[in-house]
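Participant: Got start05.csv for you, CSV, C-alpha atoms:
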```csv
chain,number,residue,atom,x,y,z
A,624,MET,CA,-10.7,146.2,-151.7
A,625,ALA,CA,-7.5,145.3,-153.6
A,626,ARG,CA,-8.1,147.8,-156.3
A,627,LYS,CA,-5.2,150.1,-157.3
A,628,LYS,CA,-5.6,153.8,-156.9
A,629,ASN,CA,-3.1,155.1,-159.4
A,630,SER,CA,-5.0,155.1,-162.7
A,631,SER,CA,-8.1,157.0,-163.6
A,632,ALA,CA,-9.9,153.7,-164.5
A,633,ASP,CA,-9.4,152.6,-160.9
A,634,VAL,CA,-10.9,155.8,-159.5
A,635,THR,CA,-13.8,156.2,-162.0
A,636,GLY,CA,-15.1,152.6,-161.6
A,637,PRO,CA,-15.7,152.9,-157.9
A,638,ARG,CA,-17.2,156.4,-158.3
A,639,ILE,CA,-19.6,155.1,-160.8
A,640,ARG,CA,-20.7,152.3,-158.5
A,641,ALA,CA,-21.0,154.7,-155.6
A,642,ALA,CA,-23.2,157.1,-157.6
A,643,ALA,CA,-25.4,154.3,-159.0
A,644,LEU,CA,-25.9,152.9,-155.4
A,645,ARG,CA,-26.8,156.3,-154.1
A,646,LEU,CA,-29.3,157.1,-157.0
A,647,PHE,CA,-30.8,153.6,-157.0
A,648,ALA,CA,-31.4,153.8,-153.2
A,649,ARG,CA,-32.9,157.3,-153.4
A,650,HIS,CA,-35.1,157.0,-156.5
A,651,GLY,CA,-35.3,153.3,-157.4
A,652,TYR,CA,-33.5,151.4,-160.2
A,653,ALA,CA,-36.3,151.8,-162.7
A,654,ALA,CA,-36.5,155.5,-162.3
A,655,VAL,CA,-32.7,156.2,-162.7
A,656,SER,CA,-31.1,156.5,-166.2
A,657,MET,CA,-27.5,155.9,-167.2
A,658,ARG,CA,-27.4,159.6,-168.1
A,659,GLN,CA,-28.3,160.6,-164.6
A,660,ILE,CA,-25.6,158.3,-163.2
A,661,ALA,CA,-23.1,159.9,-165.6
A,662,THR,CA,-24.1,163.4,-164.5
A,663,GLU,CA,-23.8,162.4,-160.8
A,664,VAL,CA,-20.3,161.2,-161.5
A,665,GLY,CA,-19.4,164.2,-163.7
A,666,VAL,CA,-18.6,162.2,-166.9
A,667,GLN,CA,-20.1,161.9,-170.3
A,668,ALA,CA,-22.8,159.2,-170.7
A,669,GLY,CA,-20.5,157.5,-173.2
A,670,THR,CA,-17.7,157.2,-170.7
A,671,LEU,CA,-20.0,155.1,-168.4
A,672,TYR,CA,-20.2,152.4,-171.1
A,673,LEU,CA,-16.4,151.9,-170.9
A,674,TYR,CA,-17.0,150.6,-167.4
A,675,THR,CA,-20.3,148.8,-167.6
A,676,PRO,CA,-22.3,147.4,-170.5
A,677,ASP,CA,-25.7,148.5,-169.1
A,678,LYS,CA,-27.7,149.5,-166.1
A,679,GLN,CA,-28.7,145.9,-165.3
A,680,SER,CA,-25.0,144.9,-165.1
A,681,LEU,CA,-24.4,147.9,-162.7
A,682,LEU,CA,-27.3,146.7,-160.4
A,683,PHE,CA,-26.1,143.2,-160.5
A,684,ASP,CA,-22.5,144.2,-159.8
A,685,LEU,CA,-23.6,146.3,-156.8
A,686,MET,CA,-25.7,143.5,-155.3
A,687,GLN,CA,-23.0,140.8,-156.0
A,688,GLN,CA,-20.3,143.0,-154.5
A,689,HIS,CA,-22.4,143.5,-151.4
A,690,MET,CA,-22.9,139.8,-150.9
A,691,GLN,CA,-19.2,139.0,-151.8
A,692,ASP,CA,-18.0,141.5,-149.2
A,693,LEU,CA,-20.4,140.1,-146.7
A,694,LEU,CA,-19.2,136.5,-147.2
A,695,ALA,CA,-15.5,137.6,-147.3
A,696,GLU,CA,-15.7,139.5,-144.0
A,697,LEU,CA,-17.7,136.6,-142.5
A,698,ALA,CA,-15.0,134.2,-143.5
A,699,ILE,CA,-12.3,136.1,-141.6
A,700,LEU,CA,-14.2,136.3,-138.3
A,701,PRO,CA,-12.1,134.8,-135.6
A,702,PRO,CA,-13.2,131.2,-135.1
A,703,ALA,CA,-15.0,130.5,-131.9
A,704,THR,CA,-14.8,127.3,-129.8
A,705,THR,CA,-18.5,126.9,-129.1
A,706,PRO,CA,-21.8,127.3,-131.0
A,707,LEU,CA,-22.9,130.0,-128.5
A,708,ALA,CA,-19.7,132.1,-129.1
A,709,ASP,CA,-20.1,131.5,-132.9
A,710,LEU,CA,-23.7,132.8,-132.7
A,711,GLU,CA,-22.6,135.8,-130.7
A,712,ASN,CA,-19.9,136.6,-133.2
A,713,PHE,CA,-22.4,136.2,-136.1
A,714,THR,CA,-24.9,138.5,-134.4
A,715,ARG,CA,-22.5,141.3,-133.7
A,716,PHE,CA,-20.9,141.0,-137.1
A,717,HIS,CA,-24.3,141.1,-138.9
A,718,ILE,CA,-25.5,144.2,-137.2
A,719,ARG,CA,-22.2,146.1,-137.7
A,720,PHE,CA,-21.7,145.1,-141.4
A,721,HIS,CA,-25.3,146.0,-142.4
A,722,GLN,CA,-25.5,149.2,-140.3
A,723,ALA,CA,-22.5,150.5,-142.2
A,724,ARG,CA,-24.1,149.8,-145.6
A,725,SER,CA,-27.7,150.9,-145.4
A,726,ASP,CA,-28.0,151.9,-149.1
A,727,ALA,CA,-26.6,148.5,-150.3
A,728,VAL,CA,-28.9,146.6,-147.8
A,729,PHE,CA,-31.9,148.6,-149.0
A,730,ILE,CA,-31.4,148.0,-152.8
A,731,SER,CA,-30.4,144.3,-152.1
A,732,TYR,CA,-33.9,143.8,-150.8
A,733,MET,CA,-35.9,146.2,-152.9
A,734,GLU,CA,-34.4,145.7,-156.3
A,735,LEU,CA,-34.4,141.9,-156.4
A,736,ARG,CA,-37.5,142.1,-158.5
A,737,ASN,CA,-35.5,144.1,-161.1
A,738,LEU,CA,-32.7,141.5,-161.6
A,739,GLU,CA,-32.9,139.4,-164.7
A,740,PRO,CA,-33.5,135.7,-163.9
A,741,ALA,CA,-29.9,134.5,-164.3
A,742,ASN,CA,-28.7,137.4,-162.2
A,743,PHE,CA,-31.4,136.8,-159.6
A,744,ASP,CA,-30.3,133.2,-159.3
A,745,ARG,CA,-26.7,134.2,-158.7
A,746,ILE,CA,-27.6,136.7,-156.0
A,747,GLU,CA,-29.9,134.1,-154.4
A,748,ALA,CA,-27.1,131.6,-154.3
A,749,LEU,CA,-24.8,134.0,-152.5
A,750,ARG,CA,-27.6,134.8,-150.0
A,751,ARG,CA,-28.1,131.1,-149.4
A,752,ASP,CA,-24.4,130.7,-148.7
A,753,TYR,CA,-24.7,133.3,-146.1
A,754,GLU,CA,-27.8,131.8,-144.5
A,755,ALA,CA,-26.1,128.3,-144.6
A,756,HIS,CA,-23.4,129.7,-142.3
A,757,LEU,CA,-26.0,130.5,-139.6
A,758,VAL,CA,-27.9,127.3,-140.2
A,759,THR,CA,-24.6,125.4,-139.5
A,760,ILE,CA,-24.0,127.3,-136.3
A,761,LEU,CA,-27.6,126.7,-135.1
A,762,ALA,CA,-27.6,123.0,-136.1
A,763,ARG,CA,-24.3,122.4,-134.2
A,764,GLY,CA,-25.7,124.1,-131.1
A,765,LYS,CA,-28.9,122.1,-131.5
A,766,ALA,CA,-27.0,118.8,-131.8
A,767,ALA,CA,-25.0,119.8,-128.7
A,768,HIS,CA,-28.2,120.5,-126.8
A,769,VAL,CA,-27.0,124.1,-126.3
A,770,PHE,CA,-29.8,125.5,-128.4
A,771,GLU,CA,-33.5,124.5,-128.3
A,772,LEU,CA,-34.9,125.1,-131.8
A,773,PRO,CA,-37.9,123.6,-133.5
A,774,ASP,CA,-36.5,124.5,-137.0
A,775,THR,CA,-33.0,125.7,-137.7
A,776,LYS,CA,-34.0,127.1,-141.1
A,777,LEU,CA,-36.8,129.3,-139.7
A,778,ALA,CA,-34.6,130.4,-136.8
A,779,THR,CA,-32.0,131.5,-139.4
A,780,PHE,CA,-34.6,133.6,-141.3
A,781,ALA,CA,-35.9,135.0,-138.0
A,782,VAL,CA,-32.5,136.0,-136.6
A,783,ILE,CA,-31.4,137.6,-139.9
A,784,ALA,CA,-34.6,139.5,-140.2
A,785,MET,CA,-34.5,140.7,-136.6
A,786,LEU,CA,-30.9,141.9,-137.0
A,787,THR,CA,-31.2,143.5,-140.4
A,788,GLY,CA,-34.2,145.4,-139.0
A,789,VAL,CA,-31.8,147.5,-136.9
A,790,ASN,CA,-31.2,149.4,-140.1
A,791,THR,CA,-34.8,150.7,-140.3
A,792,TRP,CA,-34.6,152.7,-137.0
A,793,PHE,CA,-31.0,153.0,-135.7
A,794,ARG,CA,-29.5,156.5,-136.0
A,795,GLU,CA,-26.0,157.5,-134.8
A,796,GLY,CA,-26.4,159.9,-131.9
A,797,GLY,CA,-29.7,158.5,-130.8
A,798,ARG,CA,-30.7,157.1,-127.4
A,799,LEU,CA,-28.5,154.1,-127.6
A,800,SER,CA,-25.0,153.5,-129.0
A,801,LEU,CA,-24.5,150.8,-131.6
A,802,ASP,CA,-22.5,148.9,-128.9
A,803,ALA,CA,-25.5,149.0,-126.6
A,804,VAL,CA,-27.9,147.9,-129.4
A,805,GLU,CA,-25.6,145.0,-130.3
A,806,GLU,CA,-25.6,143.9,-126.7
A,807,ILE,CA,-29.4,144.0,-126.3
A,808,TYR,CA,-30.0,142.2,-129.6
A,809,TRP,CA,-27.5,139.6,-128.7
A,810,GLN,CA,-29.4,138.9,-125.5
A,811,MET,CA,-32.6,138.6,-127.5
A,812,VAL,CA,-31.0,136.3,-130.1
A,813,ARG,CA,-29.5,134.1,-127.4
A,814,LYS,CA,-32.9,133.7,-125.7
A,815,ALA,CA,-34.8,133.2,-128.9
A,816,VAL,CA,-32.6,130.1,-129.7
A,817,GLY,CA,-33.2,128.8,-126.2
A,818,ALA,CA,-29.6,129.3,-124.9
B,38,MET,CA,-64.3,148.0,-145.9
B,39,ALA,CA,-67.6,149.9,-145.5
B,40,ARG,CA,-67.6,151.0,-149.1
B,41,LYS,CA,-70.8,150.6,-151.1
B,42,LYS,CA,-70.8,148.4,-154.2
B,43,ASN,CA,-73.7,149.6,-156.1
B,44,SER,CA,-72.3,152.6,-158.1
B,45,SER,CA,-69.6,152.7,-160.6
B,46,ALA,CA,-67.7,155.2,-158.4
B,47,ASP,CA,-67.5,152.6,-155.7
B,48,VAL,CA,-66.1,150.0,-158.0
B,49,THR,CA,-63.7,152.1,-159.9
B,50,GLY,CA,-62.0,153.6,-156.8
B,51,PRO,CA,-60.9,150.2,-155.4
B,52,ARG,CA,-59.9,149.0,-158.9
B,53,ILE,CA,-57.6,152.1,-159.2
B,54,ARG,CA,-56.1,151.5,-155.8
B,55,ALA,CA,-55.5,147.8,-156.6
B,56,ALA,CA,-53.9,148.6,-159.9
B,57,ALA,CA,-51.6,151.3,-158.4
B,58,LEU,CA,-50.6,148.9,-155.6
B,59,ARG,CA,-49.7,146.2,-158.1
B,60,LEU,CA,-47.8,148.5,-160.4
B,61,PHE,CA,-45.9,150.3,-157.6
B,62,ALA,CA,-44.9,147.0,-156.1
B,63,ARG,CA,-43.7,145.6,-159.4
B,64,HIS,CA,-41.9,148.6,-160.9
B,65,GLY,CA,-41.6,151.1,-158.0
B,66,TYR,CA,-43.5,154.4,-157.5
B,67,ALA,CA,-41.1,156.6,-159.4
B,68,ALA,CA,-41.2,154.4,-162.5
B,69,VAL,CA,-45.0,154.2,-162.8
B,70,SER,CA,-47.1,156.9,-164.5
B,71,MET,CA,-50.7,157.9,-164.0
B,72,ARG,CA,-51.2,156.9,-167.6
B,73,GLN,CA,-50.0,153.3,-166.9
B,74,ILE,CA,-52.3,153.1,-163.9
B,75,ALA,CA,-55.3,154.2,-166.1
B,76,THR,CA,-54.3,151.6,-168.8
B,77,GLU,CA,-54.1,148.9,-166.2
B,78,VAL,CA,-57.6,149.8,-164.9
B,79,GLY,CA,-58.9,150.2,-168.4
B,80,VAL,CA,-60.0,153.8,-168.1
B,81,GLN,CA,-58.9,157.1,-169.7
B,82,ALA,CA,-56.1,159.0,-167.8
B,83,GLY,CA,-58.6,161.8,-167.3
B,84,THR,CA,-61.0,159.5,-165.4
B,85,LEU,CA,-58.3,158.7,-162.9
B,86,TYR,CA,-58.2,162.3,-161.8
B,87,LEU,CA,-61.9,162.1,-160.8
B,88,TYR,CA,-60.7,159.7,-158.1
B,89,THR,CA,-57.4,161.0,-157.0
B,90,PRO,CA,-55.7,164.4,-157.4
B,91,ASP,CA,-52.3,163.0,-158.2
B,92,LYS,CA,-49.9,160.0,-157.9
B,93,GLN,CA,-48.6,161.1,-154.5
B,94,SER,CA,-52.1,161.1,-153.1
B,95,LEU,CA,-52.6,157.6,-154.5
B,96,LEU,CA,-49.4,156.4,-152.8
B,97,PHE,CA,-50.3,158.0,-149.5
B,98,ASP,CA,-53.9,156.6,-149.6
B,99,LEU,CA,-52.5,153.1,-150.2
B,100,MET,CA,-50.1,153.3,-147.3
B,101,GLN,CA,-52.6,155.0,-145.0
B,102,GLN,CA,-55.3,152.4,-145.8
B,103,HIS,CA,-52.8,149.6,-145.1
B,104,MET,CA,-52.0,151.1,-141.6
B,105,GLN,CA,-55.6,151.9,-140.9
B,106,ASP,CA,-56.7,148.4,-141.7
B,107,LEU,CA,-53.9,147.0,-139.6
B,108,LEU,CA,-54.9,149.1,-136.6
B,109,ALA,CA,-58.6,148.4,-137.1
B,110,GLU,CA,-58.1,144.6,-137.2
B,111,LEU,CA,-55.7,144.8,-134.2
B,112,ALA,CA,-58.4,146.7,-132.3
B,113,ILE,CA,-60.9,143.9,-132.7
B,114,LEU,CA,-58.6,141.1,-131.6
B,115,PRO,CA,-60.2,139.2,-128.7
B,116,PRO,CA,-58.8,140.7,-125.5
B,117,ALA,CA,-56.5,138.3,-123.5
B,118,THR,CA,-56.2,138.1,-119.8
B,119,THR,CA,-52.4,137.9,-119.5
B,120,PRO,CA,-49.5,139.6,-121.2
B,121,LEU,CA,-48.3,136.3,-122.5
B,122,ALA,CA,-51.6,135.5,-124.2
B,123,ASP,CA,-51.7,139.1,-125.6
B,124,LEU,CA,-48.2,138.6,-127.0
B,125,GLU,CA,-49.3,135.3,-128.6
B,126,ASN,CA,-52.4,136.9,-130.1
B,127,PHE,CA,-50.3,139.8,-131.5
B,128,THR,CA,-47.7,137.4,-133.0
B,129,ARG,CA,-50.2,135.3,-134.8
B,130,PHE,CA,-52.2,138.3,-135.9
B,131,HIS,CA,-49.1,140.1,-137.3
B,132,ILE,CA,-48.0,137.1,-139.3
B,133,ARG,CA,-51.4,136.5,-140.8
B,134,PHE,CA,-52.3,140.1,-141.6
B,135,HIS,CA,-49.0,140.8,-143.3
B,136,GLN,CA,-48.8,137.5,-145.2
B,137,ALA,CA,-52.1,138.3,-146.9
B,138,ARG,CA,-50.9,141.7,-148.0
B,139,SER,CA,-47.3,141.3,-149.4
B,140,ASP,CA,-47.6,144.0,-152.0
B,141,ALA,CA,-48.8,146.6,-149.4
B,142,VAL,CA,-46.1,145.5,-146.9
B,143,PHE,CA,-43.5,145.9,-149.6
B,144,ILE,CA,-44.4,149.4,-150.8
B,145,SER,CA,-45.0,150.5,-147.1
B,146,TYR,CA,-41.3,149.9,-146.5
B,147,MET,CA,-39.8,150.7,-149.9
B,148,GLU,CA,-41.8,153.8,-150.8
B,149,LEU,CA,-41.5,155.7,-147.5
B,150,ARG,CA,-38.7,157.7,-149.2
B,151,ASN,CA,-41.2,158.9,-151.9
B,152,LEU,CA,-43.7,160.3,-149.5
B,153,GLU,CA,-43.8,164.1,-149.2
B,154,PRO,CA,-42.8,165.2,-145.6
B,155,ALA,CA,-46.3,165.8,-144.3
B,156,ASN,CA,-47.5,162.4,-145.6
B,157,PHE,CA,-44.5,160.7,-144.2
B,158,ASP,CA,-45.2,162.1,-140.8
B,159,ARG,CA,-48.8,160.9,-140.9
B,160,ILE,CA,-47.7,157.3,-141.9
B,161,GLU,CA,-45.0,157.3,-139.2
B,162,ALA,CA,-47.6,158.4,-136.6
B,163,LEU,CA,-49.8,155.4,-137.6
B,164,ARG,CA,-46.8,153.1,-137.5
B,165,ARG,CA,-45.9,154.4,-134.0
B,166,ASP,CA,-49.5,153.7,-132.9
B,167,TYR,CA,-49.0,150.1,-134.0
B,168,GLU,CA,-45.7,149.7,-132.3
B,169,ALA,CA,-47.1,151.3,-129.1
B,170,HIS,CA,-49.6,148.5,-128.9
B,171,LEU,CA,-46.7,145.9,-128.7
B,172,VAL,CA,-44.6,148.2,-126.4
B,173,THR,CA,-47.6,148.2,-124.0
B,174,ILE,CA,-47.9,144.4,-124.0
B,175,LEU,CA,-44.2,144.0,-123.4
B,176,ALA,CA,-44.1,146.7,-120.6
B,177,ARG,CA,-47.1,145.0,-118.8
B,178,GLY,CA,-45.3,141.6,-119.0
B,179,LYS,CA,-42.1,143.1,-117.8
B,180,ALA,CA,-43.8,144.9,-114.9
B,181,ALA,CA,-45.5,141.6,-114.0
B,182,HIS,CA,-42.0,139.8,-114.2
B,183,VAL,CA,-43.4,137.5,-116.9
B,184,PHE,CA,-41.0,138.9,-119.5
B,185,GLU,CA,-37.3,139.5,-119.1
B,186,LEU,CA,-36.4,142.4,-121.4
B,187,PRO,CA,-33.5,144.9,-121.3
B,188,ASP,CA,-35.4,147.4,-123.5
B,189,THR,CA,-39.1,147.1,-124.5
B,190,LYS,CA,-38.7,149.5,-127.4
B,191,LEU,CA,-35.9,147.5,-129.0
B,192,ALA,CA,-37.8,144.2,-128.3
B,193,THR,CA,-40.7,145.7,-130.2
B,194,PHE,CA,-38.6,146.6,-133.2
B,195,ALA,CA,-37.0,143.1,-133.1
B,196,VAL,CA,-40.2,141.2,-132.8
B,197,ILE,CA,-41.9,143.2,-135.6
B,198,ALA,CA,-38.9,142.8,-137.9
B,199,MET,CA,-38.7,139.1,-137.2
B,200,LEU,CA,-42.4,138.5,-137.9
B,201,THR,CA,-42.6,140.7,-141.0
B,202,GLY,CA,-39.6,138.8,-142.4
B,203,VAL,CA,-41.9,135.8,-142.9
B,204,ASN,CA,-43.1,137.6,-146.1
B,205,THR,CA,-39.7,137.4,-147.7
B,206,TRP,CA,-39.6,133.6,-147.8
B,207,PHE,CA,-43.0,132.1,-147.1
B,208,ARG,CA,-44.8,130.5,-150.0
B,209,GLU,CA,-48.2,128.7,-149.8
B,210,GLY,CA,-47.6,125.0,-150.6
B,211,GLY,CA,-44.0,125.0,-149.3
B,212,ARG,CA,-42.5,122.8,-146.7
B,213,LEU,CA,-44.5,124.3,-143.8
B,214,SER,CA,-48.1,125.5,-143.6
B,215,LEU,CA,-48.7,129.0,-142.3
B,216,ASP,CA,-50.1,127.5,-139.1
B,217,ALA,CA,-46.9,125.6,-138.5
B,218,VAL,CA,-44.8,128.8,-139.3
B,219,GLU,CA,-47.0,130.7,-136.8
B,220,GLU,CA,-46.4,128.2,-134.1
B,221,ILE,CA,-42.6,128.1,-134.6
B,222,TYR,CA,-42.4,131.9,-134.6
B,223,TRP,CA,-44.5,132.1,-131.5
B,224,GLN,CA,-42.1,129.8,-129.7
B,225,MET,CA,-39.2,132.0,-130.8
B,226,VAL,CA,-40.9,135.2,-129.8
B,227,ARG,CA,-41.9,133.8,-126.4
B,228,LYS,CA,-38.3,132.8,-125.7
B,229,ALA,CA,-36.8,136.0,-127.1
B,230,VAL,CA,-38.8,138.0,-124.5
B,231,GLY,CA,-37.7,135.6,-121.7
B,232,ALA,CA,-41.1,134.0,-121.1
```
If you took the structure in this file and wrote it as structure tokens, what would it be?
Facilitator:
Amino acid sequence: MARKKNSSADVTGPRIRAAALRLFARHGYAAVSMRQIATEVGVQAGTLYLYTPDKQSLLFDLMQQHMQDLLAELAILPPATTPLADLENFTRFHIRFHQARSDAVFISYMELRNLEPANFDRIEALRRDYEAHLVTILARGKAAHVFELPDTKLATFAVIAMLTGVNTWFREGGRLSLDAVEEIYWQMVRKAVGA
Amino acid sequence: MARKKNSSADVTGPRIRAAALRLFARHGYAAVSMRQIATEVGVQAGTLYLYTPDKQSLLFDLMQQHMQDLLAELAILPPATTPLADLENFTRFHIRFHQARSDAVFISYMELRNLEPANFDRIEALRRDYEAHLVTILARGKAAHVFELPDTKLATFAVIAMLTGVNTWFREGGRLSLDAVEEIYWQMVRKAVGA
């Protein structure tokens, strides 16, 4: 987000990542060549290699950037005073963040299998950091007897899966606004954790 | 399930589908060739075409079979006498059915984008049939004031996403048995619908 916009390097790098994201999401990582990405961006294939050593690095960068953005935006959520308010903030944040990034969410799930082991481990570590944030909220609420939960880890998986699922069906202009969806999901999450 | 086992046609067809499922799940539909599938099965590429007209038909058959098996097994669940018992049966059934078929679940989500429009519509219709079953349970429970739900359709999406999410982290031999996971998820689902 802090990238400069006044040199061609700073414009081309983001355009390459955007094109790779679009093509990976549409056709799948394995089916997309560096040449196709270059064509989509409108540069020579050789130019691509000034920005990224190979396709694996491009995939890893996209998935790492997605997780780093997620963690950075989570970190600046206004702090709440109760576990229930924290859980509500988390719920609304998760839906909005992911809804705005459906291609990145899709490849982050689908292309895990195509990460080399060391890259996979780094993405998994970031994912665990994100989950740990929700585990902490749930554990605090459980300790305060605000939440009734048999297992905070499983509740974390359940809540995240439920919320990310909005991406598979929500369309702007459909029956419900995203605000309304957020509100309905928050009521379901609140009940699911026994609050 | 009603296929005969006493001719080579009846053995080779299922082996082709199993190989295609495995390869699509590992590498993605777009990256897998009919030749690779033939090699995996141990037959000539030409032999494959005795069983399926093309790769698209193979993908569609896999996804259709998955949905048809799901609907067939759902149909023979023992009938329950209350919406709450129906919801519990559905919850436990969904987890077990999907847990046993992780490759099929994965491609059913991931390869939707690679279905030709007419095939996509047919798979979506089967998916809606499955969702309708849960919508009906939730609507009956809501009408009987057993469930407290702002929106039965969204609750259906939320419950299905939550339950299918088990596939992304559950491993046999891990901290919890599938029985224990089923029980914990059932408690969360029950609370989420306000029962």
Participant: Which polymer residues have any atom within 10 Å of an atom of range 684-686 of chain A, counting all atoms listed in the file, with same-chain residues fewer than 4 positions away left out, as a list of chain:residue names?
Facilitator: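 Within the cut-off, the hits are A:Arg640, A:Ala641, A:Ala643, A:Leu644, A:Thr675, A:Lys678, A:Gln679, A:Ser680, A:Met690, A:Gln691, A:Ala727, A:Val728, A:Ile730, A:Ser731, A:Tyr732, A:Glu734, A:Leu735, A:Leu738, A:Asn742, A:Phe743, A:Arg745, A:Ile746, A:Leu749.
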Participant: Define the interface residues of chain B facing chain A as those within 8 Å, counting all atoms listed in the file, and report them as an MDAnalysis selection string.
Facilitator: chainID B and resid 63:65 67:68 147 150:151 187:188 191:192 194:200 202:203 221:222 225:231
Participant: With C-alpha atoms retained, could you export that selection as a short mmCIF file (atom, residue, chain, number, x, y, z; two decimals), in the frame of the given file?
Facilitator:
```cif
data_model
loop_
_atom_site.label_atom_id
_atom_site.label_comp_id
_atom_site.auth_asym_id
_atom_site.auth_seq_id
_atom_site.Cartn_x
_atom_site.Cartn_y
_atom_site.Cartn_z
CA ARG B 63 -43.70 145.60 -159.40
CA HIS B 64 -41.90 148.60 -160.90
CA GLY B 65 -41.60 151.10 -158.00
CA ALA B 67 -41.10 156.60 -159.40
CA ALA B 68 -41.20 154.40 -162.50
CA MET B 147 -39.80 150.70 -149.90
CA ARG B 150 -38.70 157.70 -149.20
CA ASN B 151 -41.20 158.90 -151.90
CA PRO B 187 -33.50 144.90 -121.30
CA ASP B 188 -35.40 147.40 -123.50
CA LEU B 191 -35.90 147.50 -129.00
CA ALA B 192 -37.80 144.20 -128.30
CA PHE B 194 -38.60 146.60 -133.20
CA ALA B 195 -37.00 143.10 -133.10
CA VAL B 196 -40.20 141.20 -132.80
CA ILE B 197 -41.90 143.20 -135.60
CA ALA B 198 -38.90 142.80 -137.90
CA MET B 199 -38.70 139.10 -137.20
CA LEU B 200 -42.40 138.50 -137.90
CA GLY B 202 -39.60 138.80 -142.40
CA VAL B 203 -41.90 135.80 -142.90
CA ILE B 221 -42.60 128.10 -134.60
CA TYR B 222 -42.40 131.90 -134.60
CA MET B 225 -39.20 132.00 -130.80
CA VAL B 226 -40.90 135.20 -129.80
CA ARG B 227 -41.90 133.80 -126.40
CA LYS B 228 -38.30 132.80 -125.70
CA ALA B 229 -36.80 136.00 -127.10
CA VAL B 230 -38.80 138.00 -124.50
CA GLY B 231 -37.70 135.60 -121.70
#
```
Participant: Go through B:Val48, B:Leu215, B:Val78, B:Ile113 one by one, measure the shortest atom-to-atom distance of each to Arg133 in chain B using all atoms listed in the file, and give the residue with the smallest value.
Facilitator: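 Selected residue with least distance to Arg133 in chain B: B:Leu215.
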Participant: Suppose you want the space between CA of Glu747 in chain A and CA of His721 in chain A; what is it in Å?
Facilitator: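 If I compute the distance from CA of Glu747 in chain A to CA of His721 in chain A, I get 17.5 Å.
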Participant: Here is a test: counting only C-alpha atoms, which residue of B:Leu121, B:Val80, B:Leu95, B:Val172 is nearest to Phe61 in chain B?
Facilitator: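 Using only C-alpha atoms, the shortest distance to Phe61 in chain B belongs to B:Leu95.
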Participant: Dig up all the protein and nucleic acid residues within 9 Å of (-48.2, 148.0, -135.6) in the file frame, using only C-alpha atoms, and format them as a VMD selection string.
Facilitator: chain B and resid 104 107 to 108 111 131 163 to 171 197
Participant: Could you save those same residues with C-alpha atoms as a short mmCIF file (atom, residue, chain, number, x, y, z; two decimals), keeping the file's coordinate frame?
Facilitator:
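What follows is the written file selection_4.cif:
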```cif
data_model
loop_
_atom_site.label_atom_id
_atom_site.label_comp_id
_atom_site.auth_asym_id
_atom_site.auth_seq_id
_atom_site.Cartn_x
_atom_site.Cartn_y
_atom_site.Cartn_z
CA MET B 104 -52.00 151.10 -141.60
CA LEU B 107 -53.90 147.00 -139.60
CA LEU B 108 -54.90 149.10 -136.60
CA LEU B 111 -55.70 144.80 -134.20
CA HIS B 131 -49.10 140.10 -137.30
CA LEU B 163 -49.80 155.40 -137.60
CA ARG B 164 -46.80 153.10 -137.50
CA ARG B 165 -45.90 154.40 -134.00
CA ASP B 166 -49.50 153.70 -132.90
CA TYR B 167 -49.00 150.10 -134.00
CA GLU B 168 -45.70 149.70 -132.30
CA ALA B 169 -47.10 151.30 -129.10
CA HIS B 170 -49.60 148.50 -128.90
CA LEU B 171 -46.70 145.90 -128.70
CA ILE B 197 -41.90 143.20 -135.60
#
```
Participant: What separation in Å, quoted to one decimal, exists between CA of Gln73 in chain B and CA of Leu682 in chain A?
Facilitator: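 Computed distance, CA of Gln73 in chain B to CA of Leu682 in chain A, equals 24.5 Å.
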Participant: What does the distance between CA of Thr779 in chain A and CA of Asp140 in chain B come to in Å, to one decimal place?
Facilitator: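 Separation of CA of Thr779 in chain A and CA of Asp140 in chain B: 23.6 Å.
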Participant: Give the answer as one residue: which of A:Ala723, A:Leu700, A:Leu671, A:Ile639 has the shortest atom-to-atom distance to Glu795 in chain A, using only C-alpha atoms?
Facilitator: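 Of A:Ala723, A:Leu700, A:Leu671, A:Ile639, the one nearest Glu795 in chain A is A:Ala723, counting only C-alpha atoms.
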